[in-house]
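**Student:** One structure follows; several queries about it will come next.
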Amino acid sequence: MSIETTPSSTPDPEWEQITATLTKEPPAARVYEFEKRPRPGWMLSGEQLRQWAVYARDNAIDWTVYQVTHTPYYLGWSVRGYRRLCLRWWEARHDDYRQEIASAKQMLRAANGKPADEARARAVLQVRRAEFKAHKKRHWIRTGISGLIIVGGGTIAAAVGGLWVQILLALAFVFTGAWFGRPEEPAVAPAQAPTRTSHLGEDTMRRVLVEAGVVPEKRATEIRGVGIPHTDGPGIAYAVDLPSGIPASAALGKEKQKQIASALAVHSDWIDLDVDRSPGSSESRLKVWVSSSDPFAVVRTSPLLESEGPINTFRDGILVSFGKRGNPITLWIRDTSLIVAGATRRGKGMLLANILIGVAKDPWVNVRVFDGKGTAEHNPYAPIACTFVKRDPERLAVATDAIVEELARRSDLLDEHGYEKIDDENYEECMRLLGGREVFIVDELATYTPKGTSPFADRITENLSQIAAVGAALGITLISLTQVPEVDVIRGRLRQNHVARAAMNTESPTASNTVLGDGMAGQGYDASKIPIDQPGRFWLATPETGVIEGRSYLVKPADKRRVAAEAYEIRKAAGRLPGQWRDPIEEYLFAETGVSSAAGGEGGKGRIGAPAPKVPEPIALARAAFASVGDPDRMTSTDLYKLVAAASSDWAPEEDVDVDQARDRFLKALREVASEVAPGVDMRVKQWSGGRGYYLATILSLTGERP
């Protein structure tokens, strides 16, 4: 039996396995790796800091170069700025006192020898002068204190400080002037040219006109563009020639315009289509204008606010509004009467304000305003208005009677001098002959024309209808306004005689048709669809313009006062202010009512009071007789009659009539009218030592005066 042994050097796998299991070393500790923390957004890297420094340096250099090269501009601005500051100082010195003093002087001139009115006007004038003197004193004190601080402080700093202080003071002086002299930014941001429709061209118009059904698809290739699309106001304009046999008017219907606007992906108010009527064009040439935004959303100021000197509205018309393309719309206040209607606060007064700017600066226009609202809207124009009355139907009825008579007078004058009509060639001669043109404004017809509002409604309506029908040919233009566009207010004949019409936003299509005419809303001219957030926007229908859309220029209350002041000076220089020329209309009103409404009447606000009771002639003559000899306590009947006969030929003795009989006739008439005026007054002849007659106290009791 043999035993096999294994050498000791031979490895034993089982043993190694057991040994390894018992003596295994622990594994190495796990190492965790963390992601790098991101850099905060505000923290710049070294490279970014270097780039920022380069950019900052370049921007600083560019800014410095720009400012240095524009230094001449700043110097010019500085001169303009200090000029503006001087003008502001001068305006602050005068404030409104000069105008108030001038108004008080006008009141004094208008007193016409009436002691009470003269005393009141002199008192107002003295008060205004005293206030102006005190205001100038306070103004000089404030100016002196401010000037002492600025000049004294600047002088001390320049004298004590070094070169850098002096440089800083000089720069501060220049930049202060430049700040006040910088160019003024426009009050209204200019309309931006559209970009969405910049692709407007021949291919686009072919697609659009086919989609709108204006041109059959098989003839689309015959559409030819004329020129290139170009900017026109706030939009883009282009013209195309339609295929032969298809007139451009085929695209002008309201429904077609809506379809074309839909094909262009814009609102129908944002496009304007018309037939090209320029020389050399044909009936097939269509003019297209498209905007990328609402062209009436902007607000523009009247160009007439910047005009200086008189305006000839007969020749040039009045710029009252702007159209879709921003183009000014001229209203001709010469050949047709105008009616303006729409809901309240929709811009009727703004259109009238634009009209008044023009007519106020035309010295040959006699402005007459009857305001049915009674507010202060038209008060600034009172000093230049030949007639200005508020809420007085009876006076309007009398005034329209006077205008109707004026029509006959003017017709006779033109016929007598051989003038067939008033035109540009004979304008000046006709104005001197007739006494100017009449612009008769009735603001708010609903106060005057509806039946039942006053006993004068029918009379006013008939007179206004007659004036509107024939007045324009004789230099008399009627402008009527109402916020109640109903048939009861604008009666049929009155509406028909207003050839020119403007409709602001109305409550319904029916109201729109009442203004513009029957069926106009169905043709697309519907004022009830005008956006209510755009006051002053309207449909205008005149013989010169056709039916177009427009929006009135903005006129602020301060603009009205400034224009009225300028118009006052223009008319004063021309001798055309109320009271400077013979006014037959106001003469008629004064004769009928006993009070004047020129320049707004007493107080200048159009509220015409009741006239003083008329004193019968015999009583007035007796009172004048006492006054002519210094108002003695008593006067004999014979002496009284002698003074009456000398003052009035109506009561002088007739041929073959005894003086005593003539005296008794006057005394009898005096007693009769006295019994009617003051029944309780004893008019028997009084006896005293040395004579018999009347006491002054008795005559004063008849006139209402106090002894």
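Letters A, B, ... go to the chains of the structure tokens in the order shown; residues in each chain start at 1; ligands are counted from 1 in the same order.
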Pick out each residue of region 576-675 of chain A that DSSP on the backbone tags as alpha helix (DSSP H); I need them as an MDAnalysis selection string.
**Tutor:** chainID A and resid 584:593 617:628 637:647 659:675
**Student:** I'd like the contact shell of Gly81 (chain A) - 10 Å cut-off, only C-alpha atoms, skipping same-chain residues fewer than 5 positions apart - returned as a list in words.
**Tutor:** Tyr74, Leu75, Gly76, Cys86, Leu87, Val174, Phe175, Thr176, Gly177, Ala178, Trp179, Phe180, Gly181, Arg182 and Pro183 of chain A
**Student:** Save out the residues we just selected, N, CA and C atoms, as an mmCIF file, in the first residue's frame.
**Tutor:**
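What landed in again_39.cif:
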```cif
data_model
loop_
_atom_site.group_PDB
_atom_site.id
_atom_site.type_symbol
_atom_site.label_atom_id
_atom_site.label_comp_id
_atom_site.auth_asym_id
_atom_site.auth_seq_id
_atom_site.Cartn_x
_atom_site.Cartn_y
_atom_site.Cartn_z
ATOM 1 N N TYR A 74 -26.317 122.150 -29.874
ATOM 2 C CA TYR A 74 -26.638 122.489 -28.493
ATOM 3 C C TYR A 74 -26.533 123.989 -28.247
ATOM 4 N N LEU A 75 -25.530 124.611 -28.880
ATOM 5 C CA LEU A 75 -25.406 126.062 -28.719
ATOM 6 C C LEU A 75 -26.628 126.769 -29.312
ATOM 7 N N GLY A 76 -27.052 126.287 -30.483
ATOM 8 C CA GLY A 76 -28.272 126.862 -31.071
ATOM 9 C C GLY A 76 -29.488 126.612 -30.209
ATOM 10 N N CYS A 86 -37.310 133.790 -21.838
ATOM 11 C CA CYS A 86 -37.661 135.212 -21.802
ATOM 12 C C CYS A 86 -39.122 135.425 -22.201
ATOM 13 N N LEU A 87 -39.567 134.678 -23.209
ATOM 14 C CA LEU A 87 -40.957 134.808 -23.629
ATOM 15 C C LEU A 87 -41.904 134.343 -22.525
ATOM 16 N N VAL A 174 -24.942 126.300 -20.643
ATOM 17 C CA VAL A 174 -25.284 125.884 -22.010
ATOM 18 C C VAL A 174 -26.361 124.808 -21.994
ATOM 19 N N PHE A 175 -26.175 123.790 -21.134
ATOM 20 C CA PHE A 175 -27.115 122.674 -21.132
ATOM 21 C C PHE A 175 -28.489 123.073 -20.590
ATOM 22 N N THR A 176 -28.538 124.052 -19.666
ATOM 23 C CA THR A 176 -29.836 124.540 -19.197
ATOM 24 C C THR A 176 -30.616 125.174 -20.344
ATOM 25 N N GLY A 177 -29.927 126.028 -21.128
ATOM 26 C CA GLY A 177 -30.589 126.615 -22.287
ATOM 27 C C GLY A 177 -30.968 125.577 -23.318
ATOM 28 N N ALA A 178 -30.058 124.580 -23.531
ATOM 29 C CA ALA A 178 -30.343 123.539 -24.520
ATOM 30 C C ALA A 178 -31.543 122.702 -24.104
ATOM 31 N N TRP A 179 -31.710 122.484 -22.792
ATOM 32 C CA TRP A 179 -32.849 121.680 -22.324
ATOM 33 C C TRP A 179 -34.177 122.371 -22.660
ATOM 34 N N PHE A 180 -34.238 123.692 -22.409
ATOM 35 C CA PHE A 180 -35.472 124.416 -22.700
ATOM 36 C C PHE A 180 -35.623 124.738 -24.187
ATOM 37 N N GLY A 181 -34.534 124.627 -24.952
ATOM 38 C CA GLY A 181 -34.602 124.929 -26.368
ATOM 39 C C GLY A 181 -34.600 123.720 -27.265
ATOM 40 N N ARG A 182 -34.676 122.522 -26.655
ATOM 41 C CA ARG A 182 -34.664 121.318 -27.480
ATOM 42 C C ARG A 182 -35.887 121.282 -28.389
ATOM 43 N N PRO A 183 -35.772 120.641 -29.527
ATOM 44 C CA PRO A 183 -36.923 120.593 -30.452
ATOM 45 C C PRO A 183 -38.131 119.968 -29.774
#
```
**Student:** Tell me which of A:Leu643, A:Gly435, A:Gly704, A:Pro543 sits closest to Gly575 (chain A), counting only C-alpha atoms.
**Tutor:**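 Nearest candidate to Gly575 (chain A) out of A:Leu643, A:Gly435, A:Gly704, A:Pro543: A:Gly435.
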**Student:** Enter the distance from CA of Met520 (chain A) to CA of Met504 (chain A), in Å, rounded to one decimal.
**Tutor:**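 One can read the CA of Met520 (chain A) to CA of Met504 (chain A) distance as 13.9 Å.
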**Student:** Between CA of Arg50 (chain A) and CA of Asp62 (chain A), measure the distance and give it in Å to one decimal.
**Tutor:** 18.4 Å
**Student:** Tell me which protein, DNA and RNA residues are within 7 Å of Asp276 (chain A), counting only C-alpha atoms, leaving out same-chain ones fewer than 2 positions away, and put them as a ChimeraX atom specification.
**Tutor:** /A:274,278,281,285-287
**Student:** List the spatial neighbours of Leu434 (chain A) as a list in words - criterion: any atom at most 9 Å away, only C-alpha atoms, same-chain residues fewer than 5 positions off excluded.
**Tutor:**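 Final neighbour list, sorted by chain and number: Arg409, Arg410, Leu413, Leu414, Glu429 and Gly475 of chain A.
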**Student:** For the selection you just gave me, I'd like the residues written to a file as an mmCIF file, in the first residue's frame, keeping N, CA, C and O atoms.
**Tutor:**
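The resulting file, result_24.cif, is reproduced below:
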```
data_model
loop_
_atom_site.group_PDB
_atom_site.id
_atom_site.type_symbol
_atom_site.label_atom_id
_atom_site.label_comp_id
_atom_site.auth_asym_id
_atom_site.auth_seq_id
_atom_site.Cartn_x
_atom_site.Cartn_y
_atom_site.Cartn_z
ATOM 1 N N ARG A 409 -83.006 142.162 -49.166
ATOM 2 C CA ARG A 409 -82.140 143.340 -49.331
ATOM 3 C C ARG A 409 -80.920 143.016 -50.181
ATOM 4 O O ARG A 409 -80.546 143.772 -51.087
ATOM 5 N N ARG A 410 -80.295 141.867 -49.913
ATOM 6 C CA ARG A 410 -79.106 141.486 -50.672
ATOM 7 C C ARG A 410 -79.451 141.184 -52.133
ATOM 8 O O ARG A 410 -78.691 141.532 -53.042
ATOM 9 N N LEU A 413 -79.799 144.452 -53.920
ATOM 10 C CA LEU A 413 -78.520 145.131 -54.117
ATOM 11 C C LEU A 413 -77.725 144.489 -55.254
ATOM 12 O O LEU A 413 -77.148 145.190 -56.097
ATOM 13 N N LEU A 414 -77.655 143.157 -55.272
ATOM 14 C CA LEU A 414 -76.921 142.486 -56.336
ATOM 15 C C LEU A 414 -77.564 142.765 -57.695
ATOM 16 O O LEU A 414 -76.870 142.972 -58.704
ATOM 17 N N GLU A 429 -65.725 143.444 -53.986
ATOM 18 C CA GLU A 429 -66.747 144.449 -54.274
ATOM 19 C C GLU A 429 -68.094 144.055 -53.657
ATOM 20 O O GLU A 429 -68.794 144.897 -53.070
ATOM 21 N N GLY A 475 -74.732 134.928 -50.033
ATOM 22 C CA GLY A 475 -73.705 135.140 -49.017
ATOM 23 C C GLY A 475 -74.161 134.875 -47.609
ATOM 24 O O GLY A 475 -73.568 135.388 -46.656
#
```
**Student:** Go through region 505-619 of chain A and flag each residue having an atom no more than 9 Å from region 375-381 of chain A; for those, report the closest pair of atoms plus their distance in Å to one decimal, using only C-alpha atoms, ordered by chain and rising number, as JSON lines.
**Tutor:**
```
{"residue": "A:Pro557", "atom": "CA", "partner": "A:Glu377", "partner_atom": "CA", "distance": 8.3}
{"residue": "A:Lys560", "atom": "CA", "partner": "A:Pro380", "partner_atom": "CA", "distance": 6.3}
{"residue": "A:Arg561", "atom": "CA", "partner": "A:Pro380", "partner_atom": "CA", "distance": 5.4}
{"residue": "A:Arg562", "atom": "CA", "partner": "A:Pro380", "partner_atom": "CA", "distance": 8.8}
{"residue": "A:Val563", "atom": "CA", "partner": "A:Tyr381", "partner_atom": "CA", "distance": 8.6}
{"residue": "A:Ala564", "atom": "CA", "partner": "A:Tyr381", "partner_atom": "CA", "distance": 5.5}
{"residue": "A:Ala565", "atom": "CA", "partner": "A:Pro380", "partner_atom": "CA", "distance": 8.4}
{"residue": "A:Ala567", "atom": "CA", "partner": "A:Tyr381", "partner_atom": "CA", "distance": 8.8}
{"residue": "A:Tyr568", "atom": "CA", "partner": "A:Tyr381", "partner_atom": "CA", "distance": 8.9}
{"residue": "A:Ala599", "atom": "CA", "partner": "A:Tyr381", "partner_atom": "CA", "distance": 8.3}
{"residue": "A:Gly600", "atom": "CA", "partner": "A:Asn379", "partner_atom": "CA", "distance": 8.2}
{"residue": "A:Gly604", "atom": "CA", "partner": "A:Asn379", "partner_atom": "CA", "distance": 7.7}
{"residue": "A:Lys605", "atom": "CA", "partner": "A:Asn379", "partner_atom": "CA", "distance": 6.0}
{"residue": "A:Gly606", "atom": "CA", "partner": "A:Asn379", "partner_atom": "CA", "distance": 7.9}
```
**Student:** Give me the residues near Glu308 (chain A) as number ranges by chain, where near means some atom within 10 Å (using only C-alpha atoms) and where sequence neighbours in that chain fewer than 3 positions away do not count.
**Tutor:** A: 304-305, 311, 361, 563, 566-567, 570
**Student:** Considering only C-alpha atoms, return as a list in words whatever protein or nucleic-acid residues lie within 7 Å of region 336-353 of chain A, sequence-local ones (same chain, fewer than 4 positions apart) excluded.
**Tutor:**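 Residues near the query, excluding close chain neighbours: Val320, Ile357, Ala468, Ala472, Thr477, Leu478, Ile479, Ser480, Leu481, Thr482, Gln483, Val484, Pro485, His498, Val499, Ala500, Arg501, Ala502, Ala503, Met504, Asn505, Thr506, Glu507, Val515, Pro535, Gly536, Ser552, Leu554 and Val555 of chain A.
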**Student:** Show me, as a list in words, the residues that have an atom within 6 Å of Asp371 (chain A) when counting only C-alpha atoms, minus same-chain residues fewer than 3 positions from it.
**Tutor:**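 Within the cut-off, the hits are Gly374, Lys390 and Asp443 of chain A.
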**Student:** Hey, which of A:Ala265, A:Trp688, A:Asp392, A:Gln51 ends up closest to Pro455 (chain A)? Count only C-alpha atoms.
**Tutor:** A:Asp392
**Student:** As a PyMOL selection string, which residues of region 287-465 of chain A does DSSP assign to strand (DSSP E)?
**Tutor:** chain A and resi 287-291+318-322+328-331+338-341+365-371+387-390+437-443
**Student:** Please identify every residue of region 52-106 of chain A that has at least one atom no farther than 12 Å from an atom of region 142-165 of chain A, counting only C-alpha atoms, and for each give the shortest atom pair and the distance in Å to one decimal, arranged by chain then increasing number, as CSV.
**Tutor:**
```
residue,atom,partner,partner_atom,distance
A:Cys86,CA,A:Thr143,CA,11.6
A:Trp89,CA,A:Thr143,CA,8.9
A:Trp90,CA,A:Thr143,CA,11.2
A:Ala92,CA,A:Thr143,CA,10.8
A:Arg93,CA,A:Thr143,CA,10.0
```
**Student:** Choose the residue, out of A:Leu577, A:Ile271, A:Leu356, A:Ala261, that has the smallest atom-to-atom separation from Ser302 (chain A); count only C-alpha atoms.
**Tutor:**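 Of A:Leu577, A:Ile271, A:Leu356, A:Ala261, the one nearest Ser302 (chain A), counting only C-alpha atoms, is A:Leu356.
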**Student:** Using only C-alpha atoms, which residue out of A:Cys430, A:Ser637, A:Gly609, A:Glu655 lies closest to Ala622 (chain A)?
**Tutor:**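 For Ala622 (chain A), the nearest of the candidates is A:Ser637.
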